[in-house]
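Below is one structure, written out as structure tokens; comments come after it.
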Amino acid sequence: MQLTWLDSNSWLIEMSNTRILLDPWLVGSLVFGNLKWLLEGKKKTSRPIPDNIDFILLSQGLEDHAHPPTLKVLDHNLPVVASVNAGKVCQDLGYTNITTLKHNESYIFNDKIQIDAIAGSPVGPGVIENGYILRDLVTGESIYYEPHGFHSPNLQKQESITTIITPLTNIKIPFLGSVIKGQETAVEVCRWLNPQYILSTAAGGDIDFDGLLVNLLKPDGTIERLRHLLKEANLFVNVIEPQPGEKIVITK
């Protein structure tokens, strides 16, 4: 299994000769609701769109997961597996092969990759988007992905996972609390799933952000503190802080 972080929430996952493009933001800027004054992200380094993609996997319908400028330039005939809200974004853009998953639903791609939808992040009143467990049915390797660090207690019923991809530090808004959770929640999900590896996501490794929200978002915690918390909990997990464009080889 090979994992390449493409910055923000975007990943190229390679499992069992299958190339999965996860939550891609690959072109243009990131803006929520056309409100550039609120928040706009711009990539410092342009990277090519990965080729030979087998399917697109989308966890949320928000722009930092179902990024309209990126989805507009990708092949609209590619299969898409998505949350209900992300599926609507793709449908409006003209994608022709969309499978939407509600929580606790599953889909198997080409008899090789099983995708289980897990309750993930709350993104609005009564709206909870998807996390995913991907299982390689050939090698037995597995990934759990939740991009905001909101982990369903139902994960305690799952088998062990090879690799977790989730935030490892917190991002808070004063008076509102954490909008992205890491640190203690990362330790908790490691206790539940007993992974060999945990990788950081949702960070802006090579991105400039502007707008009103930039001054309100406050990072909290460090990777070193997470390692300390894991050690205190007697959890022996390889903590990886990927660099944009770096390919990481995962061995079971």
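If you're wondering about the labels, chains in the structure tokens are A, B, ... by order shown, residues count from 1 in each chain, ligands from 1 in order shown.
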
Counting only C-alpha atoms, give me one row per residue of region 13-57 of chain A with an atom at most 9 Å from an atom of region 74-78 of chain A, showing the shortest contact pair and its distance in Å to one decimal, sorted by chain then residue number, as a tab-separated table.
residue	atom	partner	partner_atom	distance
A:Ile49	CA	A:Leu74	CA	8.5
A:Ile53	CA	A:Leu78	CA	7.8
A:Asp54	CA	A:Leu78	CA	7.0
A:Phe55	CA	A:Leu78	CA	5.8
A:Ile56	CA	A:Leu78	CA	7.1

Can you check which residues of region 27-62 of chain A DSSP gives as strand (DSSP E) on the backbone and send them as a list in words?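 Restricting region 27-62 of chain A to strand (DSSP E) produces Leu30, Val31, Glu40, Gly41, Lys42, Lys43, Phe55, Ile56, Leu57 and Leu58 of chain A.
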
When you count only C-alpha atoms, which of these residues is closest to Tyr197 (chain A): A:His65, A:Lys218, A:Lys252, A:Lys102?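 Looking at the shortest contact to Tyr197 (chain A), the residue is A:Lys252.
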
Within 12 Å of Thr18 (chain A) using only C-alpha atoms, minus same-chain residues under 6 positions, as an mmCIF file with N, CA, C and O atoms, in the first residue's frame:
data_model
loop_
_atom_site.group_PDB
_atom_site.id
_atom_site.type_symbol
_atom_site.label_atom_id
_atom_site.label_comp_id
_atom_site.auth_asym_id
_atom_site.auth_seq_id
_atom_site.Cartn_x
_atom_site.Cartn_y
_atom_site.Cartn_z
ATOM 1 N N MET A 1 0.850 -1.192 0.000
ATOM 2 C CA MET A 1 0.000 0.000 0.000
ATOM 3 C C MET A 1 0.884 1.239 0.000
ATOM 4 O O MET A 1 1.851 1.323 0.749
ATOM 5 N N GLN A 2 0.526 2.209 -0.860
ATOM 6 C CA GLN A 2 1.276 3.448 -0.963
ATOM 7 C C GLN A 2 0.325 4.624 -0.809
ATOM 8 O O GLN A 2 -0.759 4.649 -1.399
ATOM 9 N N LEU A 3 0.755 5.617 -0.022
ATOM 10 C CA LEU A 3 -0.060 6.781 0.267
ATOM 11 C C LEU A 3 0.723 8.039 -0.081
ATOM 12 O O LEU A 3 1.862 8.203 0.372
ATOM 13 N N LEU A 12 -3.650 10.474 -2.651
ATOM 14 C CA LEU A 12 -3.644 9.399 -3.640
ATOM 15 C C LEU A 12 -3.348 8.119 -2.878
ATOM 16 O O LEU A 12 -2.295 7.984 -2.240
ATOM 17 N N ASP A 51 -2.422 10.540 -12.775
ATOM 18 C CA ASP A 51 -3.046 9.861 -13.906
ATOM 19 C C ASP A 51 -3.484 8.448 -13.509
ATOM 20 O O ASP A 51 -3.205 7.967 -12.416
ATOM 21 N N ASN A 52 -4.200 7.811 -14.397
ATOM 22 C CA ASN A 52 -4.649 6.420 -14.229
ATOM 23 C C ASN A 52 -5.438 6.208 -12.930
ATOM 24 O O ASN A 52 -5.286 5.180 -12.256
ATOM 25 N N ILE A 53 -6.297 7.161 -12.610
ATOM 26 C CA ILE A 53 -7.140 7.037 -11.427
ATOM 27 C C ILE A 53 -8.245 6.012 -11.700
ATOM 28 O O ILE A 53 -8.875 6.021 -12.753
ATOM 29 N N ASP A 54 -8.494 5.138 -10.718
ATOM 30 C CA ASP A 54 -9.556 4.133 -10.863
ATOM 31 C C ASP A 54 -10.891 4.627 -10.324
ATOM 32 O O ASP A 54 -11.938 4.340 -10.901
ATOM 33 N N PHE A 55 -10.872 5.347 -9.192
ATOM 34 C CA PHE A 55 -12.109 5.980 -8.744
ATOM 35 C C PHE A 55 -11.803 7.120 -7.789
ATOM 36 O O PHE A 55 -10.705 7.223 -7.218
ATOM 37 N N ILE A 56 -12.782 8.014 -7.640
ATOM 38 C CA ILE A 56 -12.702 9.165 -6.746
ATOM 39 C C ILE A 56 -13.522 8.851 -5.500
ATOM 40 O O ILE A 56 -14.638 8.337 -5.596
ATOM 41 N N PHE A 109 -15.391 -2.304 -4.787
ATOM 42 C CA PHE A 109 -14.921 -1.885 -6.105
ATOM 43 C C PHE A 109 -14.080 -2.993 -6.728
ATOM 44 O O PHE A 109 -13.034 -3.390 -6.184
ATOM 45 N N ASN A 110 -14.536 -3.501 -7.867
ATOM 46 C CA ASN A 110 -13.791 -4.486 -8.668
ATOM 47 C C ASN A 110 -13.326 -5.701 -7.861
ATOM 48 O O ASN A 110 -12.253 -6.266 -8.140
ATOM 49 N N ASP A 111 -14.118 -6.113 -6.883
ATOM 50 C CA ASP A 111 -13.809 -7.289 -6.066
ATOM 51 C C ASP A 111 -12.487 -7.162 -5.312
ATOM 52 O O ASP A 111 -11.950 -8.167 -4.813
ATOM 53 N N LYS A 112 -11.955 -5.928 -5.199
ATOM 54 C CA LYS A 112 -10.648 -5.737 -4.561
ATOM 55 C C LYS A 112 -10.708 -4.865 -3.313
ATOM 56 O O LYS A 112 -10.030 -5.148 -2.326
ATOM 57 N N ILE A 113 -11.481 -3.771 -3.383
ATOM 58 C CA ILE A 113 -11.476 -2.776 -2.323
ATOM 59 C C ILE A 113 -12.878 -2.645 -1.751
ATOM 60 O O ILE A 113 -13.824 -2.323 -2.484
ATOM 61 N N GLN A 114 -13.004 -2.888 -0.450
ATOM 62 C CA GLN A 114 -14.278 -2.671 0.231
ATOM 63 C C GLN A 114 -14.248 -1.316 0.916
ATOM 64 O O GLN A 114 -13.316 -1.004 1.668
ATOM 65 N N LEU A 134 -11.370 1.591 4.358
ATOM 66 C CA LEU A 134 -11.051 0.912 3.105
ATOM 67 C C LEU A 134 -10.293 -0.363 3.442
ATOM 68 O O LEU A 134 -9.284 -0.321 4.164
ATOM 69 N N ARG A 135 -10.786 -1.473 2.937
ATOM 70 C CA ARG A 135 -10.126 -2.759 3.169
ATOM 71 C C ARG A 135 -9.710 -3.362 1.835
ATOM 72 O O ARG A 135 -10.529 -3.516 0.933
ATOM 73 N N ASP A 136 -8.433 -3.686 1.742
ATOM 74 C CA ASP A 136 -7.905 -4.382 0.574
ATOM 75 C C ASP A 136 -8.248 -5.855 0.732
ATOM 76 O O ASP A 136 -7.700 -6.541 1.606
ATOM 77 N N LEU A 137 -9.161 -6.354 -0.095
ATOM 78 C CA LEU A 137 -9.630 -7.728 0.036
ATOM 79 C C LEU A 137 -8.609 -8.741 -0.460
ATOM 80 O O LEU A 137 -8.779 -9.947 -0.250
ATOM 81 N N VAL A 138 -7.536 -8.265 -1.097
ATOM 82 C CA VAL A 138 -6.476 -9.148 -1.590
ATOM 83 C C VAL A 138 -5.380 -9.314 -0.541
ATOM 84 O O VAL A 138 -4.971 -10.429 -0.205
#

Residue among A:Ala119, A:Leu26, A:Leu216, A:Leu57 lying closest to Ser178 (chain A), counting only C-alpha atoms: A:Leu216

Go through region 144-249 of chain A and flag each residue having an atom no more than 7 Å from region 120-130 of chain A; for those, report the closest pair of atoms plus their distance in Å to one decimal, using only C-alpha atoms, ordered by chain and rising number, as JSON lines.
{"residue": "A:Glu146", "atom": "CA", "partner": "A:Gly120", "partner_atom": "CA", "distance": 6.3}
{"residue": "A:His148", "atom": "CA", "partner": "A:Ser121", "partner_atom": "CA", "distance": 6.1}
{"residue": "A:Phe150", "atom": "CA", "partner": "A:Ser121", "partner_atom": "CA", "distance": 5.3}
{"residue": "A:His151", "atom": "CA", "partner": "A:Gly120", "partner_atom": "CA", "distance": 6.1}
{"residue": "A:Ser152", "atom": "CA", "partner": "A:Gly120", "partner_atom": "CA", "distance": 6.5}

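CA of Asp64 (chain A) is found 8.8 Å from CA of Ser10 (chain A).
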
What separation in Å, quoted to one decimal, exists between CA of Val249 (chain A) and CA of Met15 (chain A)?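 Going from CA of Val249 (chain A) over to CA of Met15 (chain A) covers 10.6 Å.
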
Excluding Val189 (chain A) and any residue of its chain fewer than 5 positions from it, enumerate the residues within 10 Å of it, using only C-alpha atoms, and give them as a ChimeraX atom specification. /A:144,149-153,155-156,164,166,182,184,194-195,198

Keeping N, CA, C and O atoms, export the residues of the selection given above as a short mmCIF file (atom, residue, chain, number, x, y, z; two decimals), in the first residue's frame.
data_model
loop_
_atom_site.label_atom_id
_atom_site.label_comp_id
_atom_site.auth_asym_id
_atom_site.auth_seq_id
_atom_site.Cartn_x
_atom_site.Cartn_y
_atom_site.Cartn_z
N TYR A 144 -8.38 3.64 7.84
CA TYR A 144 -9.51 4.41 8.35
C TYR A 144 -9.20 5.88 8.12
O TYR A 144 -8.12 6.37 8.50
N GLY A 149 -11.40 14.59 12.53
CA GLY A 149 -11.10 14.04 13.85
C GLY A 149 -12.31 13.77 14.71
O GLY A 149 -12.19 13.67 15.94
N PHE A 150 -13.48 13.59 14.10
CA PHE A 150 -14.69 13.22 14.84
C PHE A 150 -14.92 11.72 14.63
O PHE A 150 -15.35 11.30 13.54
N HIS A 151 -14.63 10.93 15.64
CA HIS A 151 -14.60 9.48 15.49
C HIS A 151 -15.80 8.83 16.17
O HIS A 151 -16.02 9.02 17.37
N SER A 152 -16.55 8.07 15.40
CA SER A 152 -17.75 7.42 15.91
C SER A 152 -17.39 6.34 16.93
O SER A 152 -16.50 5.52 16.67
N PRO A 153 -18.07 6.30 18.09
CA PRO A 153 -17.84 5.21 19.05
C PRO A 153 -18.09 3.83 18.45
O PRO A 153 -17.56 2.84 18.96
N LEU A 155 -16.75 2.64 16.03
CA LEU A 155 -15.48 2.10 15.56
C LEU A 155 -14.93 1.04 16.52
O LEU A 155 -14.13 0.20 16.12
N GLN A 156 -15.37 1.09 17.76
CA GLN A 156 -14.89 0.11 18.74
C GLN A 156 -15.30 -1.31 18.37
O GLN A 156 -14.71 -2.28 18.86
N ILE A 164 -4.34 4.69 10.05
CA ILE A 164 -5.33 5.74 10.25
C ILE A 164 -4.82 7.02 9.61
O ILE A 164 -3.65 7.39 9.78
N THR A 166 -5.94 10.92 9.80
CA THR A 166 -6.83 11.82 10.54
C THR A 166 -6.00 12.98 11.06
O THR A 166 -4.76 12.89 11.10
N GLY A 182 -7.59 16.64 17.03
CA GLY A 182 -6.48 15.69 17.01
C GLY A 182 -6.10 15.37 18.44
O GLY A 182 -6.96 15.34 19.32
N GLU A 184 -5.91 14.20 21.80
CA GLU A 184 -6.59 13.18 22.61
C GLU A 184 -7.54 12.32 21.78
O GLU A 184 -7.67 11.11 22.04
N ASN A 194 -6.26 0.05 17.14
CA ASN A 194 -4.96 -0.60 17.24
C ASN A 194 -4.18 -0.58 15.92
O ASN A 194 -3.76 -1.62 15.41
N PRO A 195 -3.95 0.61 15.35
CA PRO A 195 -3.25 0.68 14.06
C PRO A 195 -1.74 0.50 14.21
O PRO A 195 -1.18 0.67 15.30
N ILE A 198 -0.28 5.94 12.02
CA ILE A 198 -1.25 7.02 11.97
C ILE A 198 -0.60 8.20 11.25
O ILE A 198 0.55 8.56 11.54
#

Looking at A:Asn34, A:Asn170, A:Gln60, A:Ser106, which one is nearest to Ile223 (chain A), with distances taken over only C-alpha atoms? A:Asn170

Contacts of Cys90 (chain A) at 9 Å or less, counting only C-alpha atoms, minus same-chain residues fewer than 5 places along, as a list in words? Ala66, Pro68, Leu71, Lys72, His76, Val80, Ala82, Tyr95, Thr96 and Ile98 of chain A

So what do you get for CA of Trp11 (chain A) versus CA of Ile240 (chain A), distance-wise?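 So the answer is 14.4 Å.
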
Go through region 38-122 of chain A and collect every residue that DSSP, computed from the backbone, puts in helix (DSSP H, G or I); the answer should be as a PyMOL selection string. chain A and resi 68-73+84-93

Print the selection's residues with all heavy atoms to a file, as a compact mmCIF listing (two decimals), in the first residue's frame.
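Result file is selection_24.txt:
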# COMPACT_ATOMS: atom_id res chain seq x y z
N PRO A 68 -15.11 21.97 -6.27
CA PRO A 68 -15.70 22.09 -7.61
C PRO A 68 -14.70 22.36 -8.74
O PRO A 68 -14.79 21.70 -9.79
CB PRO A 68 -16.70 23.24 -7.46
CG PRO A 68 -17.12 23.17 -6.03
CD PRO A 68 -15.86 22.79 -5.29
N PRO A 69 -13.72 23.29 -8.60
CA PRO A 69 -12.79 23.49 -9.72
C PRO A 69 -12.01 22.23 -10.08
O PRO A 69 -11.75 21.98 -11.27
CB PRO A 69 -11.86 24.60 -9.20
CG PRO A 69 -12.70 25.35 -8.23
CD PRO A 69 -13.52 24.29 -7.54
N THR A 70 -11.64 21.44 -9.07
CA THR A 70 -10.93 20.18 -9.36
C THR A 70 -11.85 19.17 -10.01
O THR A 70 -11.49 18.53 -11.02
CB THR A 70 -10.34 19.60 -8.06
OG1 THR A 70 -9.39 20.52 -7.51
CG2 THR A 70 -9.65 18.27 -8.34
N LEU A 71 -13.04 19.02 -9.47
CA LEU A 71 -13.98 18.05 -10.03
C LEU A 71 -14.38 18.42 -11.46
O LEU A 71 -14.68 17.54 -12.27
CB LEU A 71 -15.21 17.94 -9.14
CG LEU A 71 -14.96 17.33 -7.76
CD1 LEU A 71 -16.19 17.47 -6.87
CD2 LEU A 71 -14.55 15.86 -7.88
N LYS A 72 -14.36 19.69 -11.78
CA LYS A 72 -14.70 20.11 -13.15
C LYS A 72 -13.68 19.62 -14.16
O LYS A 72 -14.03 19.33 -15.31
CB LYS A 72 -14.83 21.63 -13.22
CG LYS A 72 -16.10 22.18 -12.60
CD LYS A 72 -16.14 23.71 -12.65
CE LYS A 72 -17.39 24.26 -11.98
NZ LYS A 72 -17.39 25.75 -11.96
N VAL A 73 -12.40 19.52 -13.77
CA VAL A 73 -11.36 19.16 -14.73
C VAL A 73 -11.06 17.66 -14.74
O VAL A 73 -10.41 17.17 -15.67
CB VAL A 73 -10.05 19.95 -14.49
CG1 VAL A 73 -10.31 21.44 -14.57
CG2 VAL A 73 -9.42 19.60 -13.15
N VAL A 84 -23.68 11.42 0.55
CA VAL A 84 -24.85 11.88 -0.19
C VAL A 84 -24.65 13.32 -0.66
O VAL A 84 -24.93 13.66 -1.82
CB VAL A 84 -26.12 11.77 0.69
CG1 VAL A 84 -27.30 12.43 0.02
CG2 VAL A 84 -26.41 10.30 0.98
N ASN A 85 -24.12 14.18 0.20
CA ASN A 85 -23.93 15.58 -0.17
C ASN A 85 -22.87 15.75 -1.25
O ASN A 85 -23.03 16.55 -2.18
CB ASN A 85 -23.57 16.42 1.05
CG ASN A 85 -24.72 16.55 2.02
OD1 ASN A 85 -25.87 16.69 1.61
ND2 ASN A 85 -24.44 16.50 3.31
N ALA A 86 -21.79 14.99 -1.15
CA ALA A 86 -20.75 15.07 -2.17
C ALA A 86 -21.25 14.49 -3.49
O ALA A 86 -20.89 14.98 -4.57
CB ALA A 86 -19.51 14.31 -1.71
N GLY A 87 -22.10 13.46 -3.42
CA GLY A 87 -22.68 12.90 -4.63
C GLY A 87 -23.51 13.92 -5.38
O GLY A 87 -23.51 13.97 -6.62
N LYS A 88 -24.23 14.77 -4.64
CA LYS A 88 -25.03 15.82 -5.28
C LYS A 88 -24.15 16.82 -6.02
O LYS A 88 -24.49 17.28 -7.11
CB LYS A 88 -25.88 16.53 -4.23
CG LYS A 88 -26.99 15.67 -3.65
CD LYS A 88 -27.74 16.40 -2.54
CE LYS A 88 -28.82 15.53 -1.93
NZ LYS A 88 -29.49 16.20 -0.78
N VAL A 89 -23.00 17.14 -5.43
CA VAL A 89 -22.06 18.05 -6.10
C VAL A 89 -21.62 17.45 -7.43
O VAL A 89 -21.61 18.12 -8.47
CB VAL A 89 -20.84 18.34 -5.20
CG1 VAL A 89 -19.81 19.17 -5.96
CG2 VAL A 89 -21.27 19.07 -3.93
N CYS A 90 -21.25 16.17 -7.41
CA CYS A 90 -20.78 15.50 -8.64
C CYS A 90 -21.91 15.37 -9.66
O CYS A 90 -21.68 15.53 -10.87
CB CYS A 90 -20.21 14.13 -8.30
SG CYS A 90 -18.69 14.21 -7.34
N GLN A 91 -23.09 15.08 -9.21
CA GLN A 91 -24.24 14.98 -10.12
C GLN A 91 -24.48 16.30 -10.83
O GLN A 91 -24.71 16.34 -12.05
CB GLN A 91 -25.47 14.54 -9.35
CG GLN A 91 -26.70 14.28 -10.22
CD GLN A 91 -27.87 13.78 -9.42
OE1 GLN A 91 -28.08 14.18 -8.27
NE2 GLN A 91 -28.64 12.87 -9.99
N ASP A 92 -24.41 17.41 -10.09
CA ASP A 92 -24.62 18.73 -10.69
C ASP A 92 -23.53 19.07 -11.70
O ASP A 92 -23.77 19.86 -12.62
CB ASP A 92 -24.66 19.80 -9.59
CG ASP A 92 -25.92 19.72 -8.74
OD1 ASP A 92 -26.88 19.04 -9.16
OD2 ASP A 92 -25.93 20.31 -7.64
N LEU A 93 -22.35 18.48 -11.53
CA LEU A 93 -21.25 18.74 -12.45
C LEU A 93 -21.25 17.81 -13.66
O LEU A 93 -20.42 17.95 -14.55
CB LEU A 93 -19.91 18.62 -11.71
CG LEU A 93 -19.62 19.71 -10.67
CD1 LEU A 93 -18.36 19.37 -9.88
CD2 LEU A 93 -19.48 21.08 -11.34

Distance criterion (only C-alpha atoms): nearest to Phe209 (chain A) out of A:Leu38, A:Leu230, A:Val27, A:Leu21: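 That would be A:Leu38, the residue with the smallest distance to Phe209 (chain A).
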
Spatial neighbours of Pro244 (chain A), 8 Å, only C-alpha atoms, chain gap at least 4 places, as a list in words: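 Non-adjacent residues within range: Thr4, Trp5, Leu6, Asp7, Gly205 and Asp206 of chain A.
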
Convert the current residue selection to file output with N, CA and C atoms, as an mmCIF file, in the first residue's frame.
data_model
loop_
_atom_site.group_PDB
_atom_site.id
_atom_site.type_symbol
_atom_site.label_atom_id
_atom_site.label_comp_id
_atom_site.auth_asym_id
_atom_site.auth_seq_id
_atom_site.Cartn_x
_atom_site.Cartn_y
_atom_site.Cartn_z
ATOM 1 N N THR A 4 0.124 8.918 -0.869
ATOM 2 C CA THR A 4 0.759 10.180 -1.227
ATOM 3 C C THR A 4 -0.159 11.314 -0.806
ATOM 4 N N TRP A 5 0.339 12.158 0.098
ATOM 5 C CA TRP A 5 -0.434 13.313 0.541
ATOM 6 C C TRP A 5 -0.303 14.417 -0.496
ATOM 7 N N LEU A 6 -1.438 14.913 -0.965
ATOM 8 C CA LEU A 6 -1.465 15.961 -1.980
ATOM 9 C C LEU A 6 -1.844 17.310 -1.370
ATOM 10 N N ASP A 7 -1.673 17.426 -0.050
ATOM 11 C CA ASP A 7 -1.940 18.613 0.760
ATOM 12 C C ASP A 7 -3.407 18.701 1.155
ATOM 13 N N GLY A 205 0.203 22.118 4.421
ATOM 14 C CA GLY A 205 1.658 22.043 4.363
ATOM 15 C C GLY A 205 2.291 23.025 3.402
ATOM 16 N N ASP A 206 1.637 23.277 2.280
ATOM 17 C CA ASP A 206 2.235 24.125 1.245
ATOM 18 C C ASP A 206 1.162 25.059 0.682
#

Quick one: of A:Glu63, A:Asp210, A:Glu141, A:Glu188, who's nearest to Trp37 (chain A), counting only C-alpha atoms?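 Using only C-alpha atoms, Trp37 (chain A) sits closest to A:Asp210.
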
Which residue out of A:Leu212, A:Leu217, A:Leu193, A:Ala203 has the minimum interatomic distance to Pro242 (chain A) when only C-alpha atoms are used?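 Ranked by minimum distance to Pro242 (chain A), first place goes to A:Ala203.
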